[in-house]
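The structure file query-v2.txt is reproduced below (compact mmCIF, C-alpha atoms).
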```txt
# COMPACT_ATOMS: atom_id res chain seq x y z
CA MET A 1 -7.91 173.34 -41.72
CA SER A 2 -10.20 174.10 -44.66
CA ASP A 3 -11.55 171.21 -46.71
CA TYR A 4 -11.31 173.37 -49.83
CA THR A 5 -8.25 173.54 -52.05
CA ARG A 6 -6.73 176.84 -53.08
CA GLU A 7 -8.23 176.52 -56.56
CA GLU A 8 -11.67 175.70 -55.15
CA LEU A 9 -11.57 178.76 -52.89
CA LEU A 10 -10.73 180.96 -55.89
CA ASP A 11 -13.66 179.42 -57.78
CA LEU A 12 -15.97 180.30 -54.86
CA ALA A 13 -14.95 183.98 -54.92
CA ALA A 14 -17.73 184.86 -57.35
CA ALA A 15 -20.44 183.18 -55.27
CA TYR A 16 -19.12 184.93 -52.16
CA ALA A 17 -19.19 188.34 -53.85
CA LEU A 18 -22.78 187.74 -55.01
CA GLY A 19 -23.90 186.50 -51.58
CA ALA A 20 -24.64 183.06 -53.02
CA ALA A 21 -22.07 181.08 -51.02
CA SER A 22 -23.27 178.52 -48.48
CA PRO A 23 -22.44 179.09 -44.79
CA ASP A 24 -19.66 176.50 -44.96
CA GLU A 25 -18.23 178.06 -48.11
CA ARG A 26 -18.43 181.55 -46.62
CA ALA A 27 -16.67 180.38 -43.43
CA ALA A 28 -13.92 178.68 -45.44
CA ILE A 29 -13.37 181.77 -47.58
CA GLU A 30 -13.25 184.14 -44.62
CA ALA A 31 -10.81 181.86 -42.82
CA ALA A 32 -8.53 181.80 -45.87
CA LEU A 33 -8.64 185.53 -46.67
CA PRO A 34 -5.75 186.56 -44.31
CA SER A 35 -3.35 184.16 -46.03
CA MET A 36 -4.67 184.48 -49.60
CA PRO A 37 -4.36 188.02 -50.95
CA GLU A 38 -5.24 186.74 -54.42
CA LEU A 39 -8.58 185.49 -53.05
CA ALA A 40 -9.35 188.93 -51.63
CA ALA A 41 -8.46 190.47 -55.00
CA GLU A 42 -10.81 188.05 -56.80
CA ILE A 43 -13.69 188.88 -54.46
CA ALA A 44 -13.06 192.61 -54.84
CA ALA A 45 -13.01 192.28 -58.64
CA TYR A 46 -16.31 190.42 -58.71
CA GLY A 47 -17.79 192.94 -56.27
CA ASP A 48 -16.79 195.79 -58.57
CA VAL A 49 -18.48 194.09 -61.52
CA THR A 50 -21.68 193.57 -59.52
CA VAL A 51 -21.80 197.16 -58.28
CA GLN A 52 -21.13 198.59 -61.73
CA LEU A 53 -23.86 196.51 -63.29
CA ALA A 54 -26.35 197.32 -60.51
CA GLN A 55 -25.74 201.04 -60.96
CA GLN A 56 -26.49 201.01 -64.66
CA HIS A 57 -30.10 202.11 -63.87
CA SER A 58 -28.81 205.65 -63.18
CA MET A 59 -27.80 206.18 -66.81
CA GLN A 60 -29.84 209.02 -68.36
CA PRO A 61 -31.87 208.04 -71.46
CA SER A 62 -32.20 210.36 -74.42
CA PRO A 63 -35.15 212.90 -74.27
CA ASP A 64 -37.00 211.05 -77.05
CA VAL A 65 -36.74 207.67 -75.32
CA ARG A 66 -37.77 209.23 -71.99
CA ALA A 67 -40.84 210.94 -73.55
CA ARG A 68 -42.04 207.72 -75.22
CA PHE A 69 -41.49 205.77 -72.02
CA LEU A 70 -43.50 208.25 -69.89
CA SER A 71 -46.25 208.44 -72.52
CA SER A 72 -46.66 204.66 -72.54
CA ILE A 73 -46.93 204.65 -68.75
CA GLN A 74 -49.68 207.33 -68.81
CA GLU A 75 -51.60 205.40 -71.49
CA ASP A 76 -51.39 202.19 -69.47
CA LYS A 77 -52.62 203.98 -66.36
CA ALA A 78 -55.54 205.62 -68.23
CA ALA A 79 -56.63 202.25 -69.60
CA THR A 80 -56.70 200.61 -66.19
CA LEU A 81 -58.16 203.42 -64.02
CA PRO A 82 -61.96 203.04 -63.27
CA VAL A 83 -64.25 205.74 -64.73
CA ALA A 84 -65.87 207.83 -61.92
CA PRO A 85 -69.61 208.69 -62.25
CA ARG A 86 -70.26 212.10 -63.76
CA SER A 87 -71.31 214.58 -61.09
CA ALA A 88 -74.28 216.91 -61.59
CA GLY A 89 -72.42 219.72 -59.89
CA PRO A 90 -70.03 222.10 -61.51
CA SER A 91 -67.14 220.44 -63.18
CA SER A 92 -63.82 220.63 -61.45
CA GLN A 93 -60.29 220.21 -62.76
CA PRO A 94 -59.25 216.58 -62.49
CA SER A 95 -56.46 216.17 -59.98
CA GLN A 96 -53.18 215.06 -61.49
CA GLN A 97 -51.87 211.73 -60.29
CA PRO A 98 -48.30 211.98 -58.99
CA PHE A 99 -45.79 210.22 -61.25
CA GLN A 100 -44.66 206.95 -59.75
CA ARG A 101 -40.91 206.40 -60.30
CA PRO A 102 -40.36 202.86 -61.50
CA SER A 103 -38.74 200.70 -58.85
CA ARG A 104 -35.05 200.16 -59.41
CA TRP A 105 -35.12 196.64 -57.99
CA PRO A 106 -36.09 194.92 -61.26
CA LEU A 107 -33.09 196.65 -62.83
CA VAL A 108 -30.90 195.54 -59.97
CA ALA A 109 -32.16 191.99 -60.40
CA VAL A 110 -31.30 192.12 -64.09
CA SER A 111 -27.91 193.56 -63.23
CA MET A 112 -27.30 190.75 -60.76
CA GLY A 113 -28.21 188.28 -63.48
CA LEU A 114 -25.72 189.93 -65.80
CA ALA A 115 -23.11 189.81 -63.05
CA ALA A 116 -23.77 186.11 -62.59
CA SER A 117 -23.29 185.64 -66.34
CA VAL A 118 -20.00 187.53 -66.17
CA VAL A 119 -18.93 185.38 -63.22
CA PHE A 120 -19.74 182.20 -65.15
CA ALA A 121 -17.83 183.49 -68.17
CA VAL A 122 -14.80 184.29 -66.01
CA ARG A 123 -14.91 180.85 -64.42
CA LEU A 124 -15.21 179.19 -67.81
CA SER A 125 -12.34 181.27 -69.18
CA ARG A 126 -10.16 180.30 -66.24
CA GLU A 127 -10.98 176.63 -66.73
CA VAL A 128 -10.20 176.86 -70.45
CA SER A 129 -6.88 178.57 -69.66
CA ARG A 130 -6.01 175.85 -67.16
CA LEU A 131 -6.86 173.10 -69.65
CA ARG A 132 -4.78 174.81 -72.32
CA ALA A 133 -1.86 175.05 -69.90
CA ASP A 134 -2.21 171.34 -69.10
CA LEU A 135 -2.28 170.48 -72.80
CA SER A 136 0.77 172.66 -73.46
CA GLU A 137 2.63 170.93 -70.62
CA ARG A 138 1.70 167.53 -72.01
CA ASP A 139 2.77 168.59 -75.51
CA ARG A 140 6.15 169.66 -74.12
CA ALA A 141 6.49 166.35 -72.27
CA VAL A 142 5.62 164.37 -75.41
CA ALA A 143 8.05 166.43 -77.51
CA SER A 144 10.79 165.87 -74.93
CA ALA A 145 10.10 162.13 -74.85
CA LEU A 146 10.19 161.95 -78.66
CA ALA A 147 13.48 163.85 -78.76
CA GLU A 148 14.94 161.50 -76.14
CA ALA A 149 13.72 158.46 -78.08
CA THR A 150 15.25 159.82 -81.29
CA LYS A 151 18.55 160.37 -79.50
CA ARG A 152 18.50 156.82 -78.13
CA ASP A 153 17.76 155.49 -81.63
CA ARG A 154 20.83 157.27 -82.97
CA GLN A 155 22.94 155.87 -80.15
CA LEU A 156 21.61 152.39 -80.79
CA ASP A 157 22.40 152.75 -84.49
CA VAL A 158 26.04 153.36 -83.65
CA ILE A 159 26.14 150.00 -81.88
CA LEU A 160 23.92 147.89 -84.14
CA GLU A 161 25.15 149.18 -87.49
CA GLY A 162 28.77 148.67 -86.52
CA GLU A 163 28.46 144.91 -86.93
CA ARG A 164 31.98 143.51 -87.19
CA ASP A 165 33.44 147.00 -87.28
CA LEU A 166 32.18 147.82 -83.75
CA VAL A 167 34.94 148.14 -81.17
CA VAL A 168 34.06 148.11 -77.46
CA VAL A 169 36.66 149.40 -75.02
CA HIS A 170 36.31 149.01 -71.24
CA LEU A 171 38.19 151.71 -69.35
CA LYS A 172 39.01 151.14 -65.69
CA SER A 173 40.75 152.99 -62.88
CA ALA A 174 43.36 151.62 -60.50
CA ASP A 175 40.50 150.71 -58.16
CA SER A 176 38.48 148.70 -60.64
CA LEU A 177 35.83 147.72 -58.08
CA ALA A 178 34.92 151.07 -56.49
CA GLY A 179 36.60 153.58 -58.77
CA PRO A 180 35.25 155.25 -61.92
CA GLY A 181 34.88 153.43 -65.18
CA LEU A 182 33.87 154.02 -68.80
CA GLN A 183 32.55 151.97 -71.70
CA LEU A 184 33.35 153.25 -75.19
CA PHE A 185 31.54 152.04 -78.32
CA TRP A 186 33.44 152.84 -81.52
CA ASN A 187 31.78 152.29 -84.89
CA ARG A 188 34.78 152.18 -87.23
CA LYS A 189 32.55 151.95 -90.31
CA GLN A 190 30.86 155.31 -89.61
CA GLN A 191 33.75 156.79 -87.60
CA LEU A 192 31.30 157.52 -84.77
CA ALA A 193 31.64 156.76 -81.08
CA MET A 194 29.67 157.03 -77.88
CA GLY A 195 30.51 156.32 -74.28
CA HIS A 196 29.05 155.82 -70.84
CA ALA A 197 30.98 156.82 -67.73
CA PHE A 198 29.95 155.72 -64.23
CA ARG A 199 31.03 156.35 -60.63
CA LEU A 200 32.73 159.48 -61.94
CA LYS A 201 32.21 162.58 -59.83
CA PRO A 202 31.67 165.84 -61.76
CA ALA A 203 34.80 167.78 -62.61
CA ALA A 204 35.47 170.96 -60.65
CA ALA A 205 34.27 174.33 -61.90
CA GLY A 206 36.16 175.34 -65.03
CA ARG A 207 37.34 171.75 -65.58
CA ALA A 208 36.18 168.82 -67.73
CA TYR A 209 37.16 165.31 -68.75
CA GLN A 210 38.78 164.52 -72.09
CA VAL A 211 38.98 161.21 -73.97
CA TRP A 212 42.22 160.42 -75.83
CA PHE A 213 42.93 157.78 -78.47
CA ILE A 214 46.57 156.68 -78.44
CA VAL A 215 47.79 156.29 -82.04
CA GLY A 216 51.43 155.41 -82.63
CA GLY A 217 52.19 156.34 -79.03
CA LYS A 218 50.70 159.84 -79.40
CA PRO A 219 47.43 161.07 -77.82
CA VAL A 220 44.64 162.34 -80.08
CA GLY A 221 41.80 164.17 -78.31
CA VAL A 222 38.40 162.87 -79.43
CA SER A 223 35.80 164.13 -76.93
CA VAL A 224 35.31 166.43 -73.92
CA PHE A 225 32.57 165.68 -71.37
CA ASN A 226 31.50 166.03 -67.76
CA SER A 227 29.42 163.80 -65.52
CA ASP A 228 26.12 164.39 -63.79
CA PRO A 229 25.84 164.80 -60.01
CA ASP A 230 24.97 161.09 -59.77
CA GLY A 231 28.32 160.17 -61.31
CA HIS A 232 27.06 159.16 -64.75
CA ALA A 233 27.84 160.63 -68.15
CA LEU A 234 26.51 159.58 -71.54
CA PHE A 235 28.45 160.89 -74.52
CA GLU A 236 26.37 161.78 -77.52
CA ASN A 237 27.47 160.36 -80.84
CA PHE A 238 30.62 162.22 -81.78
CA THR A 239 32.56 162.08 -85.02
CA LEU A 240 36.11 160.83 -84.73
CA PRO A 241 38.97 162.50 -86.58
CA ALA A 242 40.46 160.79 -89.61
CA GLY A 243 43.66 158.78 -89.41
CA LEU A 244 42.87 156.71 -86.34
CA ASP A 245 44.29 153.46 -87.70
CA GLY A 246 46.42 151.69 -85.18
CA VAL A 247 44.69 152.85 -81.99
CA THR A 248 46.18 150.91 -79.08
CA ASP A 249 44.68 152.56 -75.97
CA VAL A 250 41.92 154.89 -74.85
CA LEU A 251 42.64 157.17 -71.87
CA VAL A 252 40.79 159.86 -69.89
CA THR A 253 42.33 162.90 -68.21
CA GLU A 254 41.03 165.96 -66.39
CA GLU A 255 41.55 169.13 -68.41
CA PRO A 256 40.44 172.77 -68.53
CA ALA A 257 36.85 173.19 -69.70
CA GLY A 258 36.79 172.97 -73.48
CA GLY A 259 39.67 170.49 -73.63
CA SER A 260 43.38 170.72 -74.40
CA PRO A 261 45.49 170.03 -77.51
CA GLN A 262 47.64 167.70 -75.40
CA PRO A 263 47.03 166.09 -71.99
CA THR A 264 47.95 168.34 -69.05
CA SER A 265 47.32 165.76 -66.32
CA THR A 266 47.94 162.08 -65.69
CA PRO A 267 45.29 159.71 -67.09
CA PHE A 268 43.17 158.25 -64.27
CA ILE A 269 41.22 155.65 -66.27
CA GLY A 270 42.17 153.76 -69.40
CA GLY A 271 41.73 150.61 -71.46
CA ARG A 272 43.44 148.61 -74.16
CA VAL A 273 41.98 148.29 -77.64
CA SER A 274 41.80 144.76 -78.98
CA ALA A 275 43.68 144.05 -82.17
CA LEU A 276 41.72 145.49 -85.09
```

Now that the file is in, can you turn its structure into structure tokens?
Amino acid sequence: MSDYTREELLDLAAAYALGAASPDERAAIEAALPSMPELAAEIAAYGDVTVQLAQQHSMQPSPDVRARFLSSIQEDKAATLPVAPRSAGPSSQPSQQPFQRPSRWPLVAVSMGLAASVVFAVRLSREVSRLRADLSERDRAVASALAEATKRDRQLDVILEGERDLVVVHLKSADSLAGPGLQLFWNRKQQLAMGHAFRLKPAAAGRAYQVWFIVGGKPVGVSVFNSDPDGHALFENFTLPAGLDGVTDVLVTEEPAGGSPQPTSTPFIGGRVSAL
């Protein structure tokens, strides 16, 4: 198994394409190529950049630039050539020196340097992108935590600000030890309530649970909820309808999703409200 991570292998693609990878790095890359098509694509991309830069020497200069370049070469050669002794014999035409085409290897070396610069820039860009992604993920996590803290503050306000007007109702099932239960916190001053259900399996698809306040013997629907897969449900603060004086009981039934105007099933958990 390679000692390099997937990210490290991708970072080595540039060195591999430029022939600058160590034997161990080259072996690790070649072993990973069959199972990492993205690594092969990275190497091919860097190879294309290197080839394109190395071939830039074939670009044709303008006639004026070419003439000045050739003239400067001839002047340099004339200045460095030794002067031959003048012969007493008849003068002869000086032989023309063949034009030496400049070697392309210096240009290739420059091109390779440019390719290395491009490789470094790509690596740096990738690292910056990764850091930005990490920061964005952290920002989302912080925002989520702040939103959760704000929600908990509101829930705590319902309890703490109720003071003497806070009513706590404990709802139980027939099996009070192993069956589902619910705690309801009712702030009568603000007419807000929240609840926490436990050991309550999620309602079936298209179904939900509904909380009812019994006022004068008649049920008044106050909230519809469902539980999580772990059997817990936390009601957000919900506003209670007006005219709830004289509540005697709080019950929970299973209803169609969205709730019902009146209960359509038998309550399975409930609790008495202490005298207000």

Q) CA of Pro261 in chain A and CA of Trp212 in chain A, how far apart in Å? A)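 Taking CA of Trp212 in chain A as the start and CA of Pro261 in chain A as the end point, the length is 10.3 Å.
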
Q. Suppose you want the space between CA of Glu137 in chain A and CA of His232 in chain A; what is it in Å?
A.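 CA of His232 in chain A lies 27.7 Å from CA of Glu137 in chain A.
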
Taking a cut-off of 12 Å and counting all atoms listed in the file, can you build a table that, for each residue of range 188-218 of chain A near range 173-177 of chain A, reports the nearest atom pair and how far apart they are in Å (one decimal), sorted by chain then residue number, as a Markdown table?
```
| residue | atom | partner | partner_atom | distance |
| --- | --- | --- | --- | --- |
| A:Ala197 | CA | A:Ser173 | CA | 11.6 |
| A:Phe198 | CA | A:Ser173 | CA | 11.2 |
| A:Arg199 | CA | A:Leu177 | CA | 10.2 |
| A:Leu200 | CA | A:Ser173 | CA | 10.4 |
```

(Q) When you count all atoms listed in the file, which of these residues is closest to Thr264 in chain A: A:Arg140, A:Leu33, A:Ser22, A:Ala208? (A)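 Between A:Arg140, A:Leu33, A:Ser22, A:Ala208, the residue approaching Thr264 in chain A most closely is A:Ala208.
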
Q. Can you tell me, as number ranges by chain, what residues are no more than 12 Å from Glu38 in chain A when counting only C-alpha atoms, ignoring any on the same chain fewer than 5 positions away?
A. A: 6-7, 9-11, 13, 29, 32-33, 43-45

Q.
What does the structure give for the distance between CA of Val250 in chain A and CA of Lys189 in chain A, in Å to one decimal?
A. 18.3 Å

Q: Considering only C-alpha atoms, state which residue in the set A:Gly270, A:Pro37, A:Pro219, A:Pro202 is at the smallest distance from His170 in chain A.
A: A:Gly270

Q.
If we count all atoms listed in the file and set the cut-off at 6 Å, which residues sit around range 239-246 of chain A, ignoring sequence neighbours fewer than 3 positions away in its own chain? Please answer as a ChimeraX atom specification.
A. /A:191-192,215

Q) Using all atoms listed in the file, which of the listed residues (A:Glu8, A:Glu25, A:Glu236, A:Glu254) sits closest to Lys201 in chain A? A)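 When distances to Lys201 in chain A are compared using all atoms listed in the file, the smallest one comes from A:Glu254.
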
Q | Residue with smallest distance to Leu184 in chain A - pool A:Ser265, A:Lys218, A:Ala233, A:Ala14, counting only C-alpha atoms | A |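 For Leu184 in chain A, the nearest of the candidates is A:Ala233.
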
Would you pull range 209-254 of chain A out of the block just shown and save N, CA and C atoms as a PDB file, in the first residue's frame?
```
ATOM      1  N   TYR A 209     -48.201  13.308  15.045  1.00  0.00           N
ATOM      2  CA  TYR A 209     -48.783  13.356  16.385  1.00  0.00           C
ATOM      3  C   TYR A 209     -49.337  14.753  16.634  1.00  0.00           C
ATOM      4  N   GLN A 210     -50.449  14.806  17.378  1.00  0.00           N
ATOM      5  CA  GLN A 210     -51.079  16.096  17.653  1.00  0.00           C
ATOM      6  C   GLN A 210     -51.354  16.224  19.148  1.00  0.00           C
ATOM      7  N   VAL A 211     -51.025  17.419  19.682  1.00  0.00           N
ATOM      8  CA  VAL A 211     -51.248  17.727  21.094  1.00  0.00           C
ATOM      9  C   VAL A 211     -52.590  18.444  21.233  1.00  0.00           C
ATOM     10  N   TRP A 212     -53.374  18.011  22.233  1.00  0.00           N
ATOM     11  CA  TRP A 212     -54.696  18.598  22.475  1.00  0.00           C
ATOM     12  C   TRP A 212     -54.782  19.101  23.910  1.00  0.00           C
ATOM     13  N   PHE A 213     -55.302  20.339  24.081  1.00  0.00           N
ATOM     14  CA  PHE A 213     -55.665  20.844  25.393  1.00  0.00           C
ATOM     15  C   PHE A 213     -57.160  20.584  25.562  1.00  0.00           C
ATOM     16  N   ILE A 214     -57.530  20.035  26.709  1.00  0.00           N
ATOM     17  CA  ILE A 214     -58.950  19.782  26.982  1.00  0.00           C
ATOM     18  C   ILE A 214     -59.490  20.953  27.803  1.00  0.00           C
ATOM     19  N   VAL A 215     -60.404  21.709  27.194  1.00  0.00           N
ATOM     20  CA  VAL A 215     -60.998  22.893  27.820  1.00  0.00           C
ATOM     21  C   VAL A 215     -62.506  22.681  27.883  1.00  0.00           C
ATOM     22  N   GLY A 216     -63.044  22.641  29.108  1.00  0.00           N
ATOM     23  CA  GLY A 216     -64.478  22.426  29.250  1.00  0.00           C
ATOM     24  C   GLY A 216     -64.921  21.107  28.634  1.00  0.00           C
ATOM     25  N   GLY A 217     -64.052  20.110  28.690  1.00  0.00           N
ATOM     26  CA  GLY A 217     -64.394  18.799  28.155  1.00  0.00           C
ATOM     27  C   GLY A 217     -64.223  18.674  26.654  1.00  0.00           C
ATOM     28  N   LYS A 218     -63.778  19.732  25.975  1.00  0.00           N
ATOM     29  CA  LYS A 218     -63.622  19.692  24.521  1.00  0.00           C
ATOM     30  C   LYS A 218     -62.139  19.822  24.133  1.00  0.00           C
ATOM     31  N   PRO A 219     -61.697  19.044  23.129  1.00  0.00           N
ATOM     32  CA  PRO A 219     -60.287  19.115  22.721  1.00  0.00           C
ATOM     33  C   PRO A 219     -60.011  20.323  21.824  1.00  0.00           C
ATOM     34  N   VAL A 220     -58.896  20.986  22.085  1.00  0.00           N
ATOM     35  CA  VAL A 220     -58.427  22.097  21.257  1.00  0.00           C
ATOM     36  C   VAL A 220     -57.016  21.737  20.771  1.00  0.00           C
ATOM     37  N   GLY A 221     -56.854  21.584  19.450  1.00  0.00           N
ATOM     38  CA  GLY A 221     -55.538  21.238  18.910  1.00  0.00           C
ATOM     39  C   GLY A 221     -54.563  22.393  19.043  1.00  0.00           C
ATOM     40  N   VAL A 222     -53.363  22.121  19.584  1.00  0.00           N
ATOM     41  CA  VAL A 222     -52.400  23.201  19.804  1.00  0.00           C
ATOM     42  C   VAL A 222     -51.081  22.988  19.055  1.00  0.00           C
ATOM     43  N   SER A 223     -50.735  21.761  18.692  1.00  0.00           N
ATOM     44  CA  SER A 223     -49.460  21.550  17.999  1.00  0.00           C
ATOM     45  C   SER A 223     -49.440  20.184  17.322  1.00  0.00           C
ATOM     46  N   VAL A 224     -48.765  20.134  16.164  1.00  0.00           N
ATOM     47  CA  VAL A 224     -48.560  18.882  15.425  1.00  0.00           C
ATOM     48  C   VAL A 224     -47.052  18.653  15.334  1.00  0.00           C
ATOM     49  N   PHE A 225     -46.607  17.427  15.594  1.00  0.00           N
ATOM     50  CA  PHE A 225     -45.168  17.151  15.579  1.00  0.00           C
ATOM     51  C   PHE A 225     -44.924  15.698  15.186  1.00  0.00           C
ATOM     52  N   ASN A 226     -43.676  15.366  15.022  1.00  0.00           N
ATOM     53  CA  ASN A 226     -43.247  13.988  14.797  1.00  0.00           C
ATOM     54  C   ASN A 226     -41.916  13.802  15.508  1.00  0.00           C
ATOM     55  N   SER A 227     -41.561  12.579  15.793  1.00  0.00           N
ATOM     56  CA  SER A 227     -40.329  12.313  16.530  1.00  0.00           C
ATOM     57  C   SER A 227     -39.207  11.906  15.590  1.00  0.00           C
ATOM     58  N   ASP A 228     -37.997  12.006  16.094  1.00  0.00           N
ATOM     59  CA  ASP A 228     -36.814  11.577  15.353  1.00  0.00           C
ATOM     60  C   ASP A 228     -36.692  10.057  15.411  1.00  0.00           C
ATOM     61  N   PRO A 229     -35.811   9.488  14.564  1.00  0.00           N
ATOM     62  CA  PRO A 229     -35.618   8.033  14.607  1.00  0.00           C
ATOM     63  C   PRO A 229     -35.203   7.512  15.982  1.00  0.00           C
ATOM     64  N   ASP A 230     -34.564   8.365  16.802  1.00  0.00           N
ATOM     65  CA  ASP A 230     -34.142   7.904  18.129  1.00  0.00           C
ATOM     66  C   ASP A 230     -35.258   7.994  19.161  1.00  0.00           C
ATOM     67  N   GLY A 231     -36.463   8.402  18.718  1.00  0.00           N
ATOM     68  CA  GLY A 231     -37.600   8.428  19.626  1.00  0.00           C
ATOM     69  C   GLY A 231     -37.791   9.725  20.376  1.00  0.00           C
ATOM     70  N   HIS A 232     -37.016  10.751  20.046  1.00  0.00           N
ATOM     71  CA  HIS A 232     -37.144  12.043  20.723  1.00  0.00           C
ATOM     72  C   HIS A 232     -37.782  13.072  19.792  1.00  0.00           C
ATOM     73  N   ALA A 233     -38.457  14.031  20.396  1.00  0.00           N
ATOM     74  CA  ALA A 233     -39.022  15.153  19.643  1.00  0.00           C
ATOM     75  C   ALA A 233     -39.001  16.374  20.548  1.00  0.00           C
ATOM     76  N   LEU A 234     -38.520  17.480  20.015  1.00  0.00           N
ATOM     77  CA  LEU A 234     -38.488  18.735  20.761  1.00  0.00           C
ATOM     78  C   LEU A 234     -39.334  19.744  20.012  1.00  0.00           C
ATOM     79  N   PHE A 235     -40.452  20.143  20.613  1.00  0.00           N
ATOM     80  CA  PHE A 235     -41.328  21.121  19.979  1.00  0.00           C
ATOM     81  C   PHE A 235     -40.656  22.480  20.063  1.00  0.00           C
ATOM     82  N   GLU A 236     -40.701  23.207  18.978  1.00  0.00           N
ATOM     83  CA  GLU A 236     -40.275  24.601  19.045  1.00  0.00           C
ATOM     84  C   GLU A 236     -41.366  25.395  19.763  1.00  0.00           C
ATOM     85  N   ASN A 237     -40.985  26.599  20.197  1.00  0.00           N
ATOM     86  CA  ASN A 237     -41.983  27.442  20.864  1.00  0.00           C
ATOM     87  C   ASN A 237     -43.164  27.664  19.931  1.00  0.00           C
ATOM     88  N   PHE A 238     -44.333  27.321  20.365  1.00  0.00           N
ATOM     89  CA  PHE A 238     -45.512  27.553  19.536  1.00  0.00           C
ATOM     90  C   PHE A 238     -46.530  28.372  20.320  1.00  0.00           C
ATOM     91  N   THR A 239     -47.216  29.241  19.586  1.00  0.00           N
ATOM     92  CA  THR A 239     -48.197  30.134  20.202  1.00  0.00           C
ATOM     93  C   THR A 239     -49.506  29.383  20.406  1.00  0.00           C
ATOM     94  N   LEU A 240     -50.050  29.516  21.591  1.00  0.00           N
ATOM     95  CA  LEU A 240     -51.302  28.837  21.911  1.00  0.00           C
ATOM     96  C   LEU A 240     -52.486  29.715  21.534  1.00  0.00           C
ATOM     97  N   PRO A 241     -53.589  29.099  21.152  1.00  0.00           N
ATOM     98  CA  PRO A 241     -54.776  29.896  20.816  1.00  0.00           C
ATOM     99  C   PRO A 241     -55.343  30.568  22.063  1.00  0.00           C
ATOM    100  N   ALA A 242     -56.103  31.614  21.836  1.00  0.00           N
ATOM    101  CA  ALA A 242     -56.721  32.337  22.951  1.00  0.00           C
ATOM    102  C   ALA A 242     -57.853  31.494  23.546  1.00  0.00           C
ATOM    103  N   GLY A 243     -58.264  31.867  24.746  1.00  0.00           N
ATOM    104  CA  GLY A 243     -59.402  31.202  25.372  1.00  0.00           C
ATOM    105  C   GLY A 243     -59.077  29.838  25.925  1.00  0.00           C
ATOM    106  N   LEU A 244     -57.893  29.683  26.506  1.00  0.00           N
ATOM    107  CA  LEU A 244     -57.521  28.382  27.056  1.00  0.00           C
ATOM    108  C   LEU A 244     -57.688  28.330  28.574  1.00  0.00           C
ATOM    109  N   ASP A 245     -58.473  29.219  29.132  1.00  0.00           N
ATOM    110  CA  ASP A 245     -58.715  29.179  30.570  1.00  0.00           C
ATOM    111  C   ASP A 245     -59.491  27.905  30.908  1.00  0.00           C
ATOM    112  N   GLY A 246     -59.087  27.302  31.987  1.00  0.00           N
ATOM    113  CA  GLY A 246     -59.804  26.109  32.422  1.00  0.00           C
ATOM    114  C   GLY A 246     -59.307  24.829  31.793  1.00  0.00           C
ATOM    115  N   VAL A 247     -58.049  24.795  31.340  1.00  0.00           N
ATOM    116  CA  VAL A 247     -57.494  23.559  30.777  1.00  0.00           C
ATOM    117  C   VAL A 247     -57.361  22.526  31.896  1.00  0.00           C
ATOM    118  N   THR A 248     -57.883  21.332  31.656  1.00  0.00           N
ATOM    119  CA  THR A 248     -57.836  20.279  32.672  1.00  0.00           C
ATOM    120  C   THR A 248     -56.867  19.152  32.316  1.00  0.00           C
ATOM    121  N   ASP A 249     -56.706  18.877  31.017  1.00  0.00           N
ATOM    122  CA  ASP A 249     -55.854  17.768  30.593  1.00  0.00           C
ATOM    123  C   ASP A 249     -55.123  18.141  29.307  1.00  0.00           C
ATOM    124  N   VAL A 250     -54.024  17.433  29.080  1.00  0.00           N
ATOM    125  CA  VAL A 250     -53.291  17.531  27.815  1.00  0.00           C
ATOM    126  C   VAL A 250     -53.140  16.109  27.285  1.00  0.00           C
ATOM    127  N   LEU A 251     -53.559  15.885  26.030  1.00  0.00           N
ATOM    128  CA  LEU A 251     -53.542  14.555  25.431  1.00  0.00           C
ATOM    129  C   LEU A 251     -52.789  14.579  24.103  1.00  0.00           C
ATOM    130  N   VAL A 252     -52.357  13.400  23.652  1.00  0.00           N
ATOM    131  CA  VAL A 252     -51.678  13.261  22.364  1.00  0.00           C
ATOM    132  C   VAL A 252     -52.322  12.115  21.597  1.00  0.00           C
ATOM    133  N   THR A 253     -52.631  12.369  20.325  1.00  0.00           N
ATOM    134  CA  THR A 253     -53.182  11.338  19.446  1.00  0.00           C
ATOM    135  C   THR A 253     -52.349  11.258  18.170  1.00  0.00           C
ATOM    136  N   GLU A 254     -52.565  10.186  17.415  1.00  0.00           N
ATOM    137  CA  GLU A 254     -51.938  10.065  16.099  1.00  0.00           C
ATOM    138  C   GLU A 254     -52.958  10.484  15.054  1.00  0.00           C
TER     139      GLU A 254
END
```
